[in-house]
Each structure stands twice: as C-alpha cells, then as structure tokens.
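Asks: Just so it is clear, I am handing over target.cif, which has mmCIF, N, CA and C atoms.
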```
data_query
loop_
_atom_site.label_atom_id
_atom_site.label_comp_id
_atom_site.auth_asym_id
_atom_site.auth_seq_id
_atom_site.Cartn_x
_atom_site.Cartn_y
_atom_site.Cartn_z
N MET A 1 30.79 -34.22 2.08
CA MET A 1 29.35 -34.05 2.20
C MET A 1 28.99 -32.74 2.92
N ARG A 2 29.78 -32.41 3.96
CA ARG A 2 29.52 -31.18 4.70
C ARG A 2 29.73 -29.96 3.80
N ARG A 3 30.72 -30.01 2.93
CA ARG A 3 30.96 -28.90 2.01
C ARG A 3 29.75 -28.69 1.12
N PHE A 4 29.18 -29.79 0.65
CA PHE A 4 28.01 -29.70 -0.22
C PHE A 4 26.84 -29.06 0.52
N ALA A 5 26.61 -29.46 1.77
CA ALA A 5 25.52 -28.90 2.57
C ALA A 5 25.79 -27.42 2.84
N PHE A 6 27.04 -27.07 3.08
CA PHE A 6 27.40 -25.68 3.34
C PHE A 6 27.11 -24.81 2.12
N LEU A 7 27.32 -25.33 0.92
CA LEU A 7 27.04 -24.59 -0.30
C LEU A 7 25.56 -24.59 -0.66
N LEU A 8 24.87 -25.64 -0.30
CA LEU A 8 23.47 -25.79 -0.65
C LEU A 8 22.56 -24.83 0.14
N LEU A 9 22.85 -24.63 1.42
CA LEU A 9 21.99 -23.79 2.25
C LEU A 9 21.89 -22.35 1.74
N PRO A 10 22.99 -21.68 1.42
CA PRO A 10 22.84 -20.32 0.89
C PRO A 10 22.07 -20.28 -0.42
N MET A 11 22.25 -21.29 -1.25
CA MET A 11 21.52 -21.31 -2.53
C MET A 11 20.02 -21.45 -2.28
N LEU A 12 19.64 -22.29 -1.33
CA LEU A 12 18.22 -22.45 -1.01
C LEU A 12 17.65 -21.17 -0.41
N ALA A 13 18.41 -20.52 0.44
CA ALA A 13 17.95 -19.27 1.04
C ALA A 13 17.77 -18.19 -0.01
N LEU A 14 18.68 -18.09 -0.95
CA LEU A 14 18.53 -17.10 -2.02
C LEU A 14 17.34 -17.40 -2.91
N GLY A 15 17.08 -18.64 -3.16
CA GLY A 15 15.94 -19.03 -3.98
C GLY A 15 14.62 -18.64 -3.35
N ALA A 16 14.57 -18.62 -2.03
CA ALA A 16 13.35 -18.25 -1.32
C ALA A 16 13.10 -16.75 -1.38
N CYS A 17 14.11 -15.97 -1.75
CA CYS A 17 14.00 -14.51 -1.76
C CYS A 17 13.76 -13.95 -3.15
N ASP A 18 13.36 -14.76 -4.09
CA ASP A 18 13.29 -14.35 -5.49
C ASP A 18 12.30 -13.23 -5.75
N ALA A 19 11.22 -13.16 -5.03
CA ALA A 19 10.19 -12.17 -5.35
C ALA A 19 9.91 -11.25 -4.16
N LEU A 20 10.92 -10.92 -3.40
CA LEU A 20 10.71 -10.03 -2.27
C LEU A 20 10.65 -8.59 -2.74
N PRO A 21 9.92 -7.72 -2.15
CA PRO A 21 8.96 -8.00 -1.08
C PRO A 21 7.68 -8.62 -1.62
N ARG A 22 7.01 -9.30 -0.77
CA ARG A 22 5.77 -9.98 -1.15
C ARG A 22 4.59 -9.36 -0.43
N ASP A 23 3.43 -9.57 -1.00
CA ASP A 23 2.19 -9.18 -0.34
C ASP A 23 1.63 -10.42 0.33
N ALA A 24 1.51 -10.38 1.64
CA ALA A 24 1.04 -11.54 2.39
C ALA A 24 -0.33 -12.01 1.92
N SER A 25 -1.16 -11.07 1.51
CA SER A 25 -2.51 -11.43 1.08
C SER A 25 -2.64 -11.55 -0.44
N GLY A 26 -1.53 -11.39 -1.15
CA GLY A 26 -1.55 -11.57 -2.60
C GLY A 26 -2.19 -10.43 -3.38
N THR A 27 -2.16 -9.23 -2.83
CA THR A 27 -2.81 -8.10 -3.49
C THR A 27 -2.24 -7.81 -4.87
N THR A 28 -0.92 -7.76 -4.98
CA THR A 28 -0.31 -7.44 -6.27
C THR A 28 -0.69 -8.47 -7.33
N SER A 29 -0.63 -9.74 -7.00
CA SER A 29 -0.99 -10.77 -7.99
C SER A 29 -2.48 -10.70 -8.33
N ARG A 30 -3.34 -10.36 -7.35
CA ARG A 30 -4.76 -10.22 -7.64
C ARG A 30 -5.00 -9.03 -8.56
N VAL A 31 -4.30 -7.91 -8.32
CA VAL A 31 -4.43 -6.74 -9.19
C VAL A 31 -4.04 -7.11 -10.62
N GLU A 32 -2.94 -7.83 -10.77
CA GLU A 32 -2.49 -8.24 -12.10
C GLU A 32 -3.45 -9.23 -12.75
N ARG A 33 -4.05 -10.08 -11.95
CA ARG A 33 -4.98 -11.10 -12.48
C ARG A 33 -6.33 -10.50 -12.87
N THR A 34 -6.85 -9.58 -12.02
CA THR A 34 -8.19 -9.02 -12.26
C THR A 34 -8.14 -7.71 -13.04
N HIS A 35 -6.95 -7.14 -13.15
CA HIS A 35 -6.75 -5.86 -13.84
C HIS A 35 -7.49 -4.71 -13.16
N GLU A 36 -7.65 -4.81 -11.83
CA GLU A 36 -8.31 -3.75 -11.06
C GLU A 36 -7.58 -3.50 -9.75
N LEU A 37 -7.37 -2.24 -9.45
CA LEU A 37 -6.90 -1.81 -8.14
C LEU A 37 -8.10 -1.14 -7.47
N ARG A 38 -8.63 -1.78 -6.43
CA ARG A 38 -9.84 -1.30 -5.76
C ARG A 38 -9.48 -0.21 -4.75
N VAL A 39 -10.04 0.98 -4.98
CA VAL A 39 -9.70 2.17 -4.19
C VAL A 39 -10.97 2.79 -3.62
N THR A 40 -10.90 3.16 -2.36
CA THR A 40 -11.96 3.95 -1.74
C THR A 40 -11.38 5.29 -1.33
N VAL A 41 -12.07 6.35 -1.69
CA VAL A 41 -11.72 7.70 -1.24
C VAL A 41 -12.70 8.04 -0.12
N LEU A 42 -12.14 8.34 1.05
CA LEU A 42 -13.01 8.69 2.16
C LEU A 42 -13.83 9.93 1.83
N PRO A 43 -15.11 9.94 2.17
CA PRO A 43 -15.92 11.14 1.98
C PRO A 43 -15.28 12.33 2.70
N GLY A 44 -15.39 13.49 2.12
CA GLY A 44 -14.79 14.68 2.71
C GLY A 44 -13.32 14.84 2.36
N THR A 45 -12.88 14.14 1.31
CA THR A 45 -11.50 14.26 0.84
C THR A 45 -11.53 14.96 -0.51
N PRO A 46 -11.57 16.30 -0.50
CA PRO A 46 -11.74 17.03 -1.76
C PRO A 46 -10.51 17.03 -2.64
N ASP A 47 -9.34 16.77 -2.06
CA ASP A 47 -8.10 16.87 -2.82
C ASP A 47 -7.47 15.50 -3.09
N ALA A 48 -8.26 14.51 -3.37
CA ALA A 48 -7.77 13.15 -3.58
C ALA A 48 -7.04 12.97 -4.90
N ARG A 49 -7.17 13.92 -5.82
CA ARG A 49 -6.61 13.78 -7.17
C ARG A 49 -5.13 13.39 -7.20
N PRO A 50 -4.24 14.03 -6.40
CA PRO A 50 -2.82 13.63 -6.45
C PRO A 50 -2.59 12.16 -6.05
N ALA A 51 -3.31 11.71 -5.03
CA ALA A 51 -3.17 10.31 -4.62
C ALA A 51 -3.72 9.37 -5.68
N LEU A 52 -4.84 9.74 -6.29
CA LEU A 52 -5.41 8.90 -7.35
C LEU A 52 -4.50 8.84 -8.56
N ALA A 53 -3.79 9.93 -8.85
CA ALA A 53 -2.85 9.92 -9.97
C ALA A 53 -1.70 8.94 -9.70
N LEU A 54 -1.19 8.93 -8.47
CA LEU A 54 -0.12 7.99 -8.12
C LEU A 54 -0.61 6.55 -8.17
N LEU A 55 -1.81 6.33 -7.66
CA LEU A 55 -2.36 4.97 -7.69
C LEU A 55 -2.67 4.54 -9.12
N GLY A 56 -3.07 5.48 -9.97
CA GLY A 56 -3.28 5.17 -11.38
C GLY A 56 -1.99 4.73 -12.04
N ALA A 57 -0.88 5.37 -11.69
CA ALA A 57 0.43 4.98 -12.24
C ALA A 57 0.79 3.58 -11.76
N TYR A 58 0.55 3.28 -10.49
CA TYR A 58 0.80 1.93 -9.97
C TYR A 58 -0.04 0.91 -10.74
N ALA A 59 -1.32 1.22 -10.90
CA ALA A 59 -2.22 0.29 -11.59
C ALA A 59 -1.74 0.04 -13.02
N ARG A 60 -1.40 1.09 -13.73
CA ARG A 60 -0.91 0.93 -15.11
C ARG A 60 0.35 0.07 -15.17
N ASP A 61 1.24 0.24 -14.20
CA ASP A 61 2.46 -0.58 -14.14
C ASP A 61 2.15 -2.06 -13.98
N HIS A 62 0.96 -2.36 -13.48
CA HIS A 62 0.57 -3.75 -13.25
C HIS A 62 -0.56 -4.19 -14.18
N GLY A 63 -0.74 -3.45 -15.27
CA GLY A 63 -1.74 -3.82 -16.26
C GLY A 63 -3.16 -3.72 -15.76
N ALA A 64 -3.40 -2.77 -14.86
CA ALA A 64 -4.72 -2.65 -14.24
C ALA A 64 -5.22 -1.21 -14.36
N ARG A 65 -6.43 -1.02 -13.86
CA ARG A 65 -7.03 0.31 -13.81
C ARG A 65 -7.62 0.49 -12.42
N LEU A 66 -7.89 1.75 -12.08
CA LEU A 66 -8.50 2.02 -10.78
C LEU A 66 -9.97 1.67 -10.81
N GLN A 67 -10.43 1.00 -9.79
CA GLN A 67 -11.85 0.72 -9.60
C GLN A 67 -12.25 1.42 -8.31
N LEU A 68 -12.98 2.55 -8.44
CA LEU A 68 -13.41 3.29 -7.25
C LEU A 68 -14.57 2.56 -6.59
N VAL A 69 -14.43 2.31 -5.30
CA VAL A 69 -15.42 1.57 -4.53
C VAL A 69 -15.98 2.51 -3.46
N PRO A 70 -17.27 2.89 -3.55
CA PRO A 70 -17.83 3.82 -2.56
C PRO A 70 -18.14 3.09 -1.24
N ILE A 71 -17.43 3.48 -0.19
CA ILE A 71 -17.66 2.95 1.15
C ILE A 71 -17.54 4.15 2.10
N HIS A 72 -18.35 4.18 3.14
CA HIS A 72 -18.38 5.35 4.02
C HIS A 72 -17.84 5.04 5.40
N GLY A 73 -17.23 6.05 5.99
CA GLY A 73 -16.84 6.05 7.39
C GLY A 73 -15.99 4.88 7.84
N GLU A 74 -16.30 4.41 9.02
CA GLU A 74 -15.54 3.33 9.64
C GLU A 74 -15.58 2.05 8.81
N HIS A 75 -16.59 1.91 7.98
CA HIS A 75 -16.68 0.71 7.14
C HIS A 75 -15.51 0.62 6.17
N ALA A 76 -14.97 1.77 5.77
CA ALA A 76 -13.86 1.78 4.82
C ALA A 76 -12.61 1.16 5.44
N HIS A 77 -12.33 1.48 6.69
CA HIS A 77 -11.16 0.90 7.36
C HIS A 77 -11.31 -0.61 7.50
N LYS A 78 -12.50 -1.04 7.84
CA LYS A 78 -12.76 -2.49 7.97
C LYS A 78 -12.66 -3.16 6.61
N ALA A 79 -13.17 -2.52 5.57
CA ALA A 79 -13.08 -3.09 4.22
C ALA A 79 -11.63 -3.24 3.78
N LEU A 80 -10.78 -2.27 4.17
CA LEU A 80 -9.36 -2.37 3.85
C LEU A 80 -8.74 -3.54 4.60
N GLU A 81 -8.98 -3.62 5.89
CA GLU A 81 -8.44 -4.71 6.69
C GLU A 81 -8.91 -6.07 6.20
N ASP A 82 -10.16 -6.15 5.74
CA ASP A 82 -10.73 -7.42 5.28
C ASP A 82 -10.39 -7.74 3.83
N GLY A 83 -9.70 -6.84 3.14
CA GLY A 83 -9.31 -7.09 1.76
C GLY A 83 -10.39 -6.84 0.74
N GLU A 84 -11.47 -6.17 1.13
CA GLU A 84 -12.53 -5.84 0.18
C GLU A 84 -12.09 -4.72 -0.75
N ILE A 85 -11.16 -3.88 -0.27
CA ILE A 85 -10.52 -2.85 -1.10
C ILE A 85 -9.01 -2.99 -0.91
N ASP A 86 -8.25 -2.44 -1.86
CA ASP A 86 -6.80 -2.56 -1.81
C ASP A 86 -6.14 -1.36 -1.15
N VAL A 87 -6.69 -0.18 -1.37
CA VAL A 87 -6.15 1.05 -0.77
C VAL A 87 -7.27 1.98 -0.38
N LEU A 88 -6.93 2.84 0.56
CA LEU A 88 -7.88 3.83 1.07
C LEU A 88 -7.19 5.18 1.00
N VAL A 89 -7.86 6.15 0.40
CA VAL A 89 -7.30 7.49 0.26
C VAL A 89 -8.11 8.43 1.14
N GLY A 90 -7.40 9.22 1.93
CA GLY A 90 -8.10 10.17 2.79
C GLY A 90 -7.12 10.98 3.59
N HIS A 91 -7.66 11.77 4.50
CA HIS A 91 -6.84 12.60 5.37
C HIS A 91 -6.61 11.83 6.66
N PHE A 92 -5.35 11.58 6.96
CA PHE A 92 -4.96 10.86 8.18
C PHE A 92 -3.83 11.64 8.84
N ALA A 93 -3.85 11.70 10.16
CA ALA A 93 -2.75 12.30 10.91
C ALA A 93 -1.64 11.27 11.07
N LYS A 94 -0.42 11.75 11.23
CA LYS A 94 0.71 10.84 11.47
C LYS A 94 0.46 10.05 12.75
N ALA A 95 -0.21 10.66 13.72
CA ALA A 95 -0.52 10.02 14.99
C ALA A 95 -1.90 9.35 14.96
N SER A 96 -2.38 8.97 13.79
CA SER A 96 -3.70 8.37 13.65
C SER A 96 -3.83 7.10 14.49
N PRO A 97 -4.97 6.92 15.14
CA PRO A 97 -5.18 5.68 15.88
C PRO A 97 -5.21 4.45 14.96
N TRP A 98 -5.38 4.67 13.67
CA TRP A 98 -5.41 3.56 12.72
C TRP A 98 -4.03 3.08 12.33
N GLN A 99 -2.97 3.84 12.66
CA GLN A 99 -1.64 3.51 12.17
C GLN A 99 -1.16 2.13 12.63
N ALA A 100 -1.69 1.60 13.70
CA ALA A 100 -1.30 0.26 14.14
C ALA A 100 -1.95 -0.82 13.27
N ASP A 101 -3.06 -0.49 12.64
CA ASP A 101 -3.82 -1.47 11.87
C ASP A 101 -3.60 -1.39 10.37
N ILE A 102 -3.19 -0.22 9.88
CA ILE A 102 -2.98 -0.03 8.44
C ILE A 102 -1.66 0.70 8.21
N ALA A 103 -1.11 0.58 7.02
CA ALA A 103 0.15 1.23 6.68
C ALA A 103 -0.16 2.55 5.98
N LEU A 104 0.18 3.65 6.63
CA LEU A 104 -0.07 4.98 6.07
C LEU A 104 1.16 5.47 5.32
N SER A 105 0.92 6.06 4.16
CA SER A 105 2.02 6.65 3.39
C SER A 105 2.42 7.98 4.02
N LYS A 106 3.53 8.52 3.53
CA LYS A 106 3.87 9.91 3.84
C LYS A 106 2.79 10.77 3.20
N PRO A 107 2.70 12.04 3.58
CA PRO A 107 1.72 12.90 2.94
C PRO A 107 1.91 12.96 1.43
N VAL A 108 0.81 12.98 0.72
CA VAL A 108 0.83 13.08 -0.74
C VAL A 108 0.70 14.56 -1.10
N ALA A 109 1.57 15.04 -1.95
CA ALA A 109 1.52 16.40 -2.51
C ALA A 109 1.80 17.50 -1.49
N ARG A 110 2.45 17.15 -0.38
CA ARG A 110 2.86 18.16 0.59
C ARG A 110 3.80 17.52 1.59
N GLY A 111 4.46 18.34 2.38
CA GLY A 111 5.37 17.84 3.40
C GLY A 111 4.63 17.41 4.65
N GLU A 112 5.36 16.73 5.51
CA GLU A 112 4.79 16.29 6.79
C GLU A 112 4.55 17.51 7.67
N PRO A 113 3.34 17.69 8.19
CA PRO A 113 3.08 18.84 9.07
C PRO A 113 3.82 18.69 10.40
N ASP A 114 4.10 19.82 11.02
CA ASP A 114 4.77 19.79 12.33
C ASP A 114 3.90 19.14 13.40
N ASP A 115 2.62 19.32 13.28
CA ASP A 115 1.66 18.77 14.24
C ASP A 115 1.32 17.33 13.83
N ARG A 116 1.71 16.35 14.64
CA ARG A 116 1.46 14.92 14.35
C ARG A 116 -0.03 14.58 14.30
N HIS A 117 -0.86 15.48 14.82
CA HIS A 117 -2.29 15.23 14.88
C HIS A 117 -3.05 15.91 13.75
N HIS A 118 -2.34 16.62 12.89
CA HIS A 118 -2.96 17.34 11.77
C HIS A 118 -3.14 16.37 10.60
N PRO A 119 -4.38 16.08 10.19
CA PRO A 119 -4.59 15.14 9.09
C PRO A 119 -4.23 15.75 7.73
N VAL A 120 -3.57 14.96 6.91
CA VAL A 120 -3.21 15.35 5.55
C VAL A 120 -3.49 14.17 4.63
N LEU A 121 -3.50 14.44 3.33
CA LEU A 121 -3.78 13.41 2.34
C LEU A 121 -2.72 12.32 2.39
N ARG A 122 -3.17 11.09 2.57
CA ARG A 122 -2.29 9.92 2.61
C ARG A 122 -2.97 8.74 1.93
N ILE A 123 -2.17 7.76 1.61
CA ILE A 123 -2.66 6.50 1.06
C ILE A 123 -2.51 5.45 2.14
N ALA A 124 -3.59 4.75 2.47
CA ALA A 124 -3.56 3.69 3.47
C ALA A 124 -3.62 2.35 2.76
N ARG A 125 -2.75 1.43 3.21
CA ARG A 125 -2.70 0.08 2.66
C ARG A 125 -2.77 -0.92 3.81
N ARG A 126 -3.10 -2.16 3.51
CA ARG A 126 -3.16 -3.20 4.54
C ARG A 126 -1.76 -3.55 5.02
N ASN A 127 -1.59 -3.71 6.31
CA ASN A 127 -0.33 -4.22 6.82
C ASN A 127 -0.06 -5.58 6.21
N GLY A 128 1.17 -5.82 5.82
CA GLY A 128 1.55 -7.10 5.22
C GLY A 128 1.57 -7.07 3.70
N ASP A 129 0.95 -6.06 3.10
CA ASP A 129 0.98 -5.92 1.64
C ASP A 129 2.27 -5.19 1.26
N ASN A 130 3.39 -5.82 1.57
CA ASN A 130 4.69 -5.16 1.50
C ASN A 130 5.07 -4.69 0.11
N ALA A 131 4.78 -5.45 -0.92
CA ALA A 131 5.12 -5.03 -2.29
C ALA A 131 4.30 -3.79 -2.67
N LEU A 132 3.02 -3.79 -2.35
CA LEU A 132 2.16 -2.65 -2.62
C LEU A 132 2.61 -1.43 -1.81
N ILE A 133 2.92 -1.64 -0.54
CA ILE A 133 3.37 -0.55 0.32
C ILE A 133 4.66 0.05 -0.22
N LEU A 134 5.62 -0.79 -0.53
CA LEU A 134 6.90 -0.29 -1.03
C LEU A 134 6.73 0.45 -2.35
N ALA A 135 5.96 -0.11 -3.27
CA ALA A 135 5.78 0.52 -4.58
C ALA A 135 5.07 1.86 -4.47
N THR A 136 4.01 1.93 -3.66
CA THR A 136 3.29 3.19 -3.54
C THR A 136 4.09 4.22 -2.74
N ASP A 137 4.87 3.77 -1.75
CA ASP A 137 5.74 4.70 -1.02
C ASP A 137 6.79 5.30 -1.96
N ARG A 138 7.31 4.50 -2.86
CA ARG A 138 8.28 5.03 -3.83
C ARG A 138 7.63 6.08 -4.72
N LEU A 139 6.39 5.83 -5.14
CA LEU A 139 5.68 6.81 -5.98
C LEU A 139 5.46 8.12 -5.23
N VAL A 140 5.09 8.02 -3.96
CA VAL A 140 4.89 9.22 -3.14
C VAL A 140 6.21 9.98 -3.02
N ASP A 141 7.30 9.26 -2.76
CA ASP A 141 8.62 9.90 -2.63
C ASP A 141 9.04 10.57 -3.94
N GLU A 142 8.84 9.87 -5.06
CA GLU A 142 9.20 10.44 -6.37
C GLU A 142 8.38 11.69 -6.68
N ALA A 143 7.12 11.69 -6.32
CA ALA A 143 6.26 12.85 -6.59
C ALA A 143 6.67 14.05 -5.73
N ALA A 144 7.27 13.78 -4.57
CA ALA A 144 7.67 14.86 -3.66
C ALA A 144 8.93 15.57 -4.15
N ARG A 145 9.68 14.91 -5.03
CA ARG A 145 10.94 15.52 -5.53
C ARG A 145 10.68 16.56 -6.56
#
```
Before we go any further, please render this structure as structure tokens.
Replies:
Amino acid sequence: MRRFAFLLLPMLALGACDALPRDASGTTSRVERTHELRVTVLPGTPDARPALALLGAYARDHGARLQLVPIHGEHAHKALEDGEIDVLVGHFAKASPWQADIALSKPVARGEPDDRHHPVLRIARRNGDNALILATDRLVDEAAR
C-alpha cells in the first residue's frame, strides 16, 4: 500500500501542473473567450507602436484583437490593478514606484538605460497574471534580438 501511495503522489503533483504558468485572475482565458485584449496607452506615449505590435501578436496567438481603452493618468494604474484593462503601455522607469504593484516588462524597442530612473517604453501587466507576463516578456525578448 505504501508503494502505491509513493507512486500516486508524484502523479497527482504532475497533474496539478498541467497548465503552468497560470493567470491568477484568468486574463488569458478571458482574452480567448471574449476575443479582446484590453490595452490602455498612457497619454504622452508617442512611440507606443512597437509595444502595440507585440501585444497584437499576443492577441492573434489567442484568437483575439486589441481593444484600446482610453483611460488617463493614475486611473490607468488602478484600472490595471482592478482588471478593467489587461495591459498598460507607457514610459516607466526601472525604479518606478509602481513596480511593486504591477509587472513591468523590459524596455520595448531599446536597451535598458543606465539610469534606473529614466522612463522608457514598457508593457505593464497585473501581478499574478503569470501566463500573460511570461508570454509578453518572451515577445519583448524576441523583438530585442
């Protein structure tokens, strides 16, 4: 009986890992279900095109399209945290005070600046949306090559 339990535990643990990484809030499944990736571009972000192209590729991979949602200022960060939007595109510094609350990508279409306080184009995602974070980080890395 102990041998059976010893063999059963690893099988159960592997079964629980079938769809890792997961989005804690279900963003990827919602994108696939609604066919929309909700994106806000912060006002004053004139060079958002490279980030939108990467997000468009992500959306297409999930049978969706980009839905631009106009939100201004601090409301955009709250909308991201509350799940009203899926991603936020704008200029963020590596040392951004928001980095504890949202997951910032590496810079899009350029290298990391030497100054941690210098804002550059990045994609912000909700903490816990691990599948979305991993997929979009891979797209950013691939575009940098």
Asks: Please return the centre and edge lengths, in Å to one decimal, of a box with edges along x, y and z that contains all listed atoms of region 106-124 of chain A, widened by 3 Å on every side, as lines of an AutoDock Vina configuration file.
Replies:
```
center_x = 0.4
center_y = 11.1
center_z = 6.2
size_x = 16.0
size_y = 23.5
size_z = 23.4
```
Asks: Go through chain A and collect every residue that DSSP, computed from the backbone, puts in alpha helix (DSSP H); the answer should be as an MDAnalysis selection string.
Replies: chainID A and resid 2:16 27:34 49:61 74:81 130:144
Asks: Just list as a list in words whatever in chain A DSSP marks as strand (DSSP E or B).
Replies: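 Going through chain A, the strand (DSSP E or B) residues come out as Asp23, Glu36, Leu37, Arg38, Val39, Thr40, Val41, Arg65, Leu66, Gln67, Leu68, Val87, Leu88, Val89, Gly90, His91, Phe92, Ile102, Ala103, Leu104, Val120, Leu121, Arg122, Ile123, Ala124, Arg125, Arg126 and Asp129 of chain A.
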Asks: Set out as JSON lines a contact list for region 22-43 of chain A and region 84-102 of chain A with a cut-off of 6.5 Å, giving each residue of region 22-43 of chain A that qualifies its closest atom pair and distance in Å to one decimal, counting only N, CA and C atoms, ordered by chain and rising residue number.
Replies:
```
{"residue": "A:Leu37", "atom": "C", "partner": "A:Asp86", "partner_atom": "N", "distance": 5.8}
{"residue": "A:Arg38", "atom": "C", "partner": "A:Asp86", "partner_atom": "N", "distance": 3.9}
{"residue": "A:Val39", "atom": "CA", "partner": "A:Val87", "partner_atom": "C", "distance": 4.5}
{"residue": "A:Thr40", "atom": "C", "partner": "A:Val89", "partner_atom": "N", "distance": 4.0}
{"residue": "A:Val41", "atom": "CA", "partner": "A:Val89", "partner_atom": "C", "distance": 4.4}
{"residue": "A:Leu42", "atom": "N", "partner": "A:Val89", "partner_atom": "C", "distance": 4.0}
```
Asks: Take atom N of Leu55 (chain A) and atom N of Asn127 (chain A) and report the distance between them in Å, one decimal.
Replies: 17.2 Å
Asks: Taking 3 positions as the minimum chain separation for residues in the same chain, which residues sit within 5 Å of Arg65 (chain A) when counting only N, CA and C atoms? Answer as a list in words.
Replies: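 The residues that qualify are His35, Glu36, Leu37 and Ala59 of chain A.
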Asks: Just checking: using only C-alpha atoms, which residue out of A:Pro43, A:Gly83, A:Gly73, A:Gly56 ends up closest to Ser25 (chain A)?
Replies: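 Of A:Pro43, A:Gly83, A:Gly73, A:Gly56, the one nearest Ser25 (chain A), counting only C-alpha atoms, is A:Gly83.
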Asks: May I ask for the distance between CA of His77 (chain A) and CA of Gly63 (chain A), given in Å to one decimal place?
Replies: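 Distance reported for this atom pair: 25.9 Å.
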Asks: Using only C-alpha atoms, find all polymer residues with an atom at most 6 Å away from the point (-4.5, 11.2, -1.7); report them as a list in words.
Replies: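 Residues found, by chain and rising number: Ala48, Pro50, Ala51, Val89, Gly90, Val108, Leu121, Arg122 and Ile123 of chain A.
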Asks: Using atom N of Thr28 (chain A) and CA of Leu132 (chain A) as the two end points, give the distance in Å to one decimal.
Replies: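 Between atom N of Thr28 (chain A) and CA of Leu132 (chain A) the gap works out to 6.4 Å.
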Asks: Restricting the calculation to only C-alpha atoms: of A:Ala143, A:Ala76, A:Ile71, A:Ala53, which residue gets closest to Lys106 (chain A)?
Replies: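 For Lys106 (chain A), the nearest of the given residues is A:Ala143.
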Asks: Evaluate the PyMOL selection byres (((chain A and resi 137 and name CA) around 12) and name CA) and record the selected residues as a CSV table (one decimal) with N, CA and C atoms, in the coordinates of the input, following the chain and residue labels used in the document.
Replies:
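What landed in result.csv:
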```csv
chain,number,residue,atom,x,y,z
A,51,ALA,N,-3.3,11.7,-5.0
A,51,ALA,CA,-3.2,10.3,-4.6
A,51,ALA,C,-3.7,9.4,-5.7
A,54,LEU,N,-1.2,8.9,-8.5
A,54,LEU,CA,-0.1,8.0,-8.1
A,54,LEU,C,-0.6,6.6,-8.2
A,55,LEU,N,-1.8,6.3,-7.7
A,55,LEU,CA,-2.4,5.0,-7.7
A,55,LEU,C,-2.7,4.5,-9.1
A,58,TYR,N,0.6,3.3,-10.5
A,58,TYR,CA,0.8,1.9,-10.0
A,58,TYR,C,0.0,0.9,-10.7
A,103,ALA,N,-1.1,0.6,7.0
A,103,ALA,CA,0.2,1.2,6.7
A,103,ALA,C,-0.2,2.6,6.0
A,104,LEU,N,0.2,3.6,6.6
A,104,LEU,CA,-0.1,5.0,6.1
A,104,LEU,C,1.2,5.5,5.3
A,105,SER,N,0.9,6.1,4.2
A,105,SER,CA,2.0,6.6,3.4
A,105,SER,C,2.4,8.0,4.0
A,106,LYS,N,3.5,8.5,3.5
A,106,LYS,CA,3.9,9.9,3.8
A,106,LYS,C,2.8,10.8,3.2
A,107,PRO,N,2.7,12.0,3.6
A,107,PRO,CA,1.7,12.9,2.9
A,107,PRO,C,1.9,13.0,1.4
A,108,VAL,N,0.8,13.0,0.7
A,108,VAL,CA,0.8,13.1,-0.7
A,108,VAL,C,0.7,14.6,-1.1
A,122,ARG,N,-3.2,11.1,2.6
A,122,ARG,CA,-2.3,9.9,2.6
A,122,ARG,C,-3.0,8.7,1.9
A,123,ILE,N,-2.2,7.8,1.6
A,123,ILE,CA,-2.7,6.5,1.1
A,123,ILE,C,-2.5,5.4,2.1
A,124,ALA,N,-3.6,4.8,2.5
A,124,ALA,CA,-3.6,3.7,3.5
A,124,ALA,C,-3.6,2.4,2.8
A,125,ARG,N,-2.8,1.4,3.2
A,125,ARG,CA,-2.7,0.1,2.7
A,125,ARG,C,-2.8,-0.9,3.8
A,129,ASP,N,1.0,-6.1,3.1
A,129,ASP,CA,1.0,-5.9,1.6
A,129,ASP,C,2.3,-5.2,1.3
A,130,ASN,N,3.4,-5.8,1.6
A,130,ASN,CA,4.7,-5.2,1.5
A,130,ASN,C,5.1,-4.7,0.1
A,131,ALA,N,4.8,-5.4,-0.9
A,131,ALA,CA,5.1,-5.0,-2.3
A,131,ALA,C,4.3,-3.8,-2.7
A,132,LEU,N,3.0,-3.8,-2.4
A,132,LEU,CA,2.2,-2.6,-2.6
A,132,LEU,C,2.6,-1.4,-1.8
A,133,ILE,N,2.9,-1.6,-0.5
A,133,ILE,CA,3.4,-0.6,0.3
A,133,ILE,C,4.7,0.0,-0.2
A,134,LEU,N,5.6,-0.8,-0.5
A,134,LEU,CA,6.9,-0.3,-1.0
A,134,LEU,C,6.7,0.4,-2.4
A,135,ALA,N,6.0,-0.1,-3.3
A,135,ALA,CA,5.8,0.5,-4.6
A,135,ALA,C,5.1,1.9,-4.5
A,136,THR,N,4.0,1.9,-3.7
A,136,THR,CA,3.3,3.2,-3.5
A,136,THR,C,4.1,4.2,-2.7
A,138,ARG,N,7.3,4.5,-2.9
A,138,ARG,CA,8.3,5.0,-3.8
A,138,ARG,C,7.6,6.1,-4.7
A,139,LEU,N,6.4,5.8,-5.1
A,139,LEU,CA,5.7,6.8,-6.0
A,139,LEU,C,5.5,8.1,-5.2
A,140,VAL,N,5.1,8.0,-4.0
A,140,VAL,CA,4.9,9.2,-3.1
A,140,VAL,C,6.2,10.0,-3.0
A,141,ASP,N,7.3,9.3,-2.8
A,141,ASP,CA,8.6,9.9,-2.6
A,141,ASP,C,9.0,10.6,-3.9
A,142,GLU,N,8.8,9.9,-5.1
A,142,GLU,CA,9.2,10.4,-6.4
A,142,GLU,C,8.4,11.7,-6.7
A,143,ALA,N,7.1,11.7,-6.3
A,143,ALA,CA,6.3,12.8,-6.6
A,143,ALA,C,6.7,14.0,-5.7
A,144,ALA,N,7.3,13.8,-4.6
A,144,ALA,CA,7.7,14.9,-3.7
A,144,ALA,C,8.9,15.6,-4.2
```
